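Remarks on the structure that follows.
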Amino acid sequence: MRRSLIDVVFMSEKRKNLLLLLRNGPRKMEEILETLDVTRHAMLPQIKILSEHGLVIKSKDICRLTEMGEIIVDDMSPLVGTIATLEGNHQYWMEHDLSPIPLHLLRRIRELHSCHVLEPDLNDMFELNRELVEQALNSGSIMGATSFLHPAFPSFLLDLVKNGIDVSIVMSEPALEKHIQDYKDELEVFLKSKKGKLFVYPGNLDLASLFITDEFLMMCLFDRSGNYDRKDLVFCNEDALNWGRELFEYYLLRSKPITDL
């Protein structure tokens, strides 16, 4: 009984990984075995199945995609990337509200790749992560957005601008009001530094926080009940940084600059 192409492509990790590997061009058999960490004995039957279904051609000791294989792999690569990104922290994505992420970026969530969840213990609940703070202080520019007041945030902003770092921060209206109420002096110094730019987003931001430096993207979403659980996603690859900058620009374009308080 002939297999469906869905089964051929996805029911074997070896076949799926080989198709993705061949997307970048023909490969010698030894290179395939070494890259995929499989034996020749295990790989040959899978190549035969792909060949019988018109997806791969093996000539002598070289494998390449057929035209039909190229079409399928071009479409399967984004799906595999999306699944890998969401599967990496499936519980987090499942339990948190993704609606603050605009649809055009949500559809490209695969660009975030792998990440880790940063969750401080109770003793450090109101402290900023020291390692990330040190990386931020070595950045050339920083972009951020927040919809709540973190007690360590105002002094951290001052440290950044004192280090000569260009900082642009978007705040929701409630967050800005709370910052002005409790930390007006710090915000005035921040704005007068000429390195600090502040923007207000009309109404609620819905996004708990966003922070993009030269080295990492940190993002926090509210859970599906609208609660803040202090779990931050941290990404450290260039694709994620560019994705995060686009998310920041999305909110920045809908915000108004604050020149004085």
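Letters A, B, ... mark the chains of the structure tokens in the order given; residue numbers begin at 1 per chain; ligand numbers begin at 1, in order shown.
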* To do: Fewer than 2 positions away in the same chain doesn't count, so skip those; otherwise give me all residues within 12 Å of Val189 of chain A, counting only C-alpha atoms, as a list in words.
  =>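 In the requested format, the answer is Pro154, Ser155, Leu157, Leu158, Asp159, Leu160, Val161, Lys162, Tyr183, Lys184, Asp185, Glu186, Leu187, Leu191, Lys192, Ser193, Lys194, Lys195, Gly196, Lys197, Leu198, Thr259, Asp260 and Leu261 of chain A.
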* To do: Return as a VMD selection string the full set of residues in segment 63-257 of chain A whose backbone-based DSSP assignment is strand (DSSP E or B).
  => chain A and resid 63 to 65 96 116 to 118 141 to 146 166 to 172 196 to 201 207 to 212 217 to 221 223 232 to 235 256 to 257
Rows by chain and residue number, segment 29-123 of chain A within 12 Å of segment 208-215 of chain A, shortest pair, only C-alpha atoms, as JSON lines:
```
{"residue": "A:His96", "atom": "CA", "partner": "A:Ala208", "partner_atom": "CA", "distance": 10.8}
{"residue": "A:Asp97", "atom": "CA", "partner": "A:Ala208", "partner_atom": "CA", "distance": 10.2}
{"residue": "A:Leu98", "atom": "CA", "partner": "A:Ala208", "partner_atom": "CA", "distance": 11.1}
{"residue": "A:Ser99", "atom": "CA", "partner": "A:Ala208", "partner_atom": "CA", "distance": 11.8}
{"residue": "A:Pro100", "atom": "CA", "partner": "A:Ala208", "partner_atom": "CA", "distance": 9.2}
{"residue": "A:Ile101", "atom": "CA", "partner": "A:Leu210", "partner_atom": "CA", "distance": 11.1}
```
* Asked: How many Å separate atom CA of Arg23 of chain A from atom CA of Gly54 of chain A?
  ->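 Calculated distance between atom CA of Arg23 of chain A and atom CA of Gly54 of chain A is 15.0 Å.
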* To do: Could you tell me which of A:Asp239, A:Glu31, A:Asp37, A:Glu249 comes closest to Ile109 of chain A if we count only C-alpha atoms?
  =>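 The shortest atom-to-atom distance to Ile109 of chain A comes from A:Asp239.
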* State, in Å with one decimal place, the distance from atom CA of Leu217 of chain A to atom CA of Glu246 of chain A. =>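 It comes out at 11.6 Å.
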* Contacts of Val80 of chain A at 10 Å or less, counting only C-alpha atoms, minus same-chain residues fewer than 5 places along, as a list of chain:residue names? ->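 In the requested format, the answer is A:Phe10, A:Lys16, A:Leu20, A:Val73, A:Asp75, A:Thr85, A:Arg110.
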* Structure fact -> Of A:His116, A:Gly244, A:Leu5, A:Ala152, the one sitting nearest Arg130 of chain A when using only C-alpha atoms is A:Ala152
* Asked: Mind checking DSSP for segment 84-256 of chain A and telling me the alpha helix (DSSP H) residues as an NGL selection string?
  -> :A and (84-88 or 90-95 or 103-106 or 130-137 or 153-162 or 173-192 or 238-252)
* To do: Rounded to one decimal place, report the atom CA of Val9 of chain A-atom CA of Leu112 of chain A distance in Å.
  =>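 Going from atom CA of Val9 of chain A over to atom CA of Leu112 of chain A covers 24.1 Å.
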Taking a cut-off of 12 Å and counting only C-alpha atoms, can you build a table that, for each residue of segment 130-230 of chain A near segment 89-95 of chain A, reports the nearest atom pair and how far apart they are in Å (one decimal), sorted by chain then residue number, as JSON lines?
```
{"residue": "A:Met219", "atom": "CA", "partner": "A:Tyr92", "partner_atom": "CA", "distance": 11.9}
{"residue": "A:Cys220", "atom": "CA", "partner": "A:Tyr92", "partner_atom": "CA", "distance": 10.3}
{"residue": "A:Leu221", "atom": "CA", "partner": "A:Trp93", "partner_atom": "CA", "distance": 9.2}
{"residue": "A:Phe222", "atom": "CA", "partner": "A:Glu95", "partner_atom": "CA", "distance": 9.0}
{"residue": "A:Asp223", "atom": "CA", "partner": "A:Glu95", "partner_atom": "CA", "distance": 5.8}
{"residue": "A:Arg224", "atom": "CA", "partner": "A:Glu95", "partner_atom": "CA", "distance": 6.0}
{"residue": "A:Ser225", "atom": "CA", "partner": "A:Glu95", "partner_atom": "CA", "distance": 9.0}
{"residue": "A:Gly226", "atom": "CA", "partner": "A:Glu95", "partner_atom": "CA", "distance": 10.6}
{"residue": "A:Asn227", "atom": "CA", "partner": "A:Glu95", "partner_atom": "CA", "distance": 10.8}
{"residue": "A:Tyr228", "atom": "CA", "partner": "A:Glu95", "partner_atom": "CA", "distance": 11.7}
{"residue": "A:Asp229", "atom": "CA", "partner": "A:Glu95", "partner_atom": "CA", "distance": 10.7}
{"residue": "A:Arg230", "atom": "CA", "partner": "A:Tyr92", "partner_atom": "CA", "distance": 11.8}
```
With N, CA and C atoms retained, could you export that selection as a PDB file, in the first residue's frame?
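Ended up saving to result_34.pdb:
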```pdb
ATOM      1  N   MET A 219      10.971  39.175  26.720  1.00  0.00           N
ATOM      2  CA  MET A 219       9.557  39.481  26.544  1.00  0.00           C
ATOM      3  C   MET A 219       8.748  38.776  27.624  1.00  0.00           C
ATOM      4  N   CYS A 220       7.772  39.487  28.163  1.00  0.00           N
ATOM      5  CA  CYS A 220       6.890  38.905  29.169  1.00  0.00           C
ATOM      6  C   CYS A 220       5.447  39.143  28.750  1.00  0.00           C
ATOM      7  N   LEU A 221       4.662  38.079  28.707  1.00  0.00           N
ATOM      8  CA  LEU A 221       3.250  38.155  28.368  1.00  0.00           C
ATOM      9  C   LEU A 221       2.415  37.905  29.618  1.00  0.00           C
ATOM     10  N   PHE A 222       1.237  38.505  29.673  1.00  0.00           N
ATOM     11  CA  PHE A 222       0.300  38.175  30.742  1.00  0.00           C
ATOM     12  C   PHE A 222      -0.263  36.779  30.488  1.00  0.00           C
ATOM     13  N   ASP A 223      -0.658  36.103  31.562  1.00  0.00           N
ATOM     14  CA  ASP A 223      -1.281  34.801  31.345  1.00  0.00           C
ATOM     15  C   ASP A 223      -2.708  35.003  30.807  1.00  0.00           C
ATOM     16  N   ARG A 224      -3.384  33.933  30.510  1.00  0.00           N
ATOM     17  CA  ARG A 224      -4.690  34.035  29.850  1.00  0.00           C
ATOM     18  C   ARG A 224      -5.789  34.569  30.766  1.00  0.00           C
ATOM     19  N   SER A 225      -5.473  34.728  32.047  1.00  0.00           N
ATOM     20  CA  SER A 225      -6.409  35.356  32.981  1.00  0.00           C
ATOM     21  C   SER A 225      -6.078  36.827  33.193  1.00  0.00           C
ATOM     22  N   GLY A 226      -5.031  37.309  32.479  1.00  0.00           N
ATOM     23  CA  GLY A 226      -4.630  38.704  32.603  1.00  0.00           C
ATOM     24  C   GLY A 226      -3.705  38.976  33.762  1.00  0.00           C
ATOM     25  N   ASN A 227      -3.136  37.921  34.345  1.00  0.00           N
ATOM     26  CA  ASN A 227      -2.239  38.081  35.488  1.00  0.00           C
ATOM     27  C   ASN A 227      -0.775  38.112  35.056  1.00  0.00           C
ATOM     28  N   TYR A 228       0.032  38.784  35.865  1.00  0.00           N
ATOM     29  CA  TYR A 228       1.471  38.869  35.634  1.00  0.00           C
ATOM     30  C   TYR A 228       2.166  37.839  36.514  1.00  0.00           C
ATOM     31  N   ASP A 229       2.790  36.844  35.885  1.00  0.00           N
ATOM     32  CA  ASP A 229       3.395  35.757  36.671  1.00  0.00           C
ATOM     33  C   ASP A 229       4.915  35.850  36.758  1.00  0.00           C
ATOM     34  N   ARG A 230       5.468  36.957  36.260  1.00  0.00           N
ATOM     35  CA  ARG A 230       6.921  37.230  36.388  1.00  0.00           C
ATOM     36  C   ARG A 230       7.794  36.199  35.671  1.00  0.00           C
TER      37      ARG A 230
END
```
* To do: Show which residues sit within 10 Å of Cys115 of chain A, as a PyMOL selection string. Count only C-alpha atoms, and ignore same-chain residues fewer than 2 positions away.
  => chain A and resi 85+88-89+112-113+117-118+217-218+232-237+240
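Using only C-alpha atoms, the protein and nucleic acid residues lying no more than 12 Å from Met11 of chain A, apart from those fewer than 6 places from it along its own chain, are Arg3, Ser4, Leu5, Asn17, Gln46, Ile49 and Leu50 of chain A.
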Selection from above, N, CA and C atoms, as a PDB file, in the first residue's frame, can you write it?
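Written out: result_7.pdb:
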```pdb
ATOM      1  N   ARG A   3       2.231   4.892   0.642  1.00  0.00           N
ATOM      2  CA  ARG A   3       2.087   5.838   1.736  1.00  0.00           C
ATOM      3  C   ARG A   3       1.641   7.198   1.206  1.00  0.00           C
ATOM      4  N   SER A   4       0.973   7.966   2.052  1.00  0.00           N
ATOM      5  CA  SER A   4       0.663   9.344   1.695  1.00  0.00           C
ATOM      6  C   SER A   4       1.942  10.179   1.830  1.00  0.00           C
ATOM      7  N   LEU A   5       2.006  11.298   1.116  1.00  0.00           N
ATOM      8  CA  LEU A   5       3.190  12.151   1.208  1.00  0.00           C
ATOM      9  C   LEU A   5       3.357  12.734   2.609  1.00  0.00           C
ATOM     10  N   ASN A  17      14.489  15.066   8.523  1.00  0.00           N
ATOM     11  CA  ASN A  17      15.761  15.761   8.684  1.00  0.00           C
ATOM     12  C   ASN A  17      16.586  15.743   7.397  1.00  0.00           C
ATOM     13  N   GLN A  46      15.385   4.777   4.287  1.00  0.00           N
ATOM     14  CA  GLN A  46      14.615   6.025   4.269  1.00  0.00           C
ATOM     15  C   GLN A  46      14.830   6.779   2.955  1.00  0.00           C
ATOM     16  N   ILE A  49      12.638   5.144   0.355  1.00  0.00           N
ATOM     17  CA  ILE A  49      11.238   5.570   0.447  1.00  0.00           C
ATOM     18  C   ILE A  49      11.055   6.951  -0.178  1.00  0.00           C
ATOM     19  N   LEU A  50      11.971   7.877   0.126  1.00  0.00           N
ATOM     20  CA  LEU A  50      11.884   9.222  -0.454  1.00  0.00           C
ATOM     21  C   LEU A  50      12.037   9.185  -1.966  1.00  0.00           C
TER      22      LEU A  50
END
```
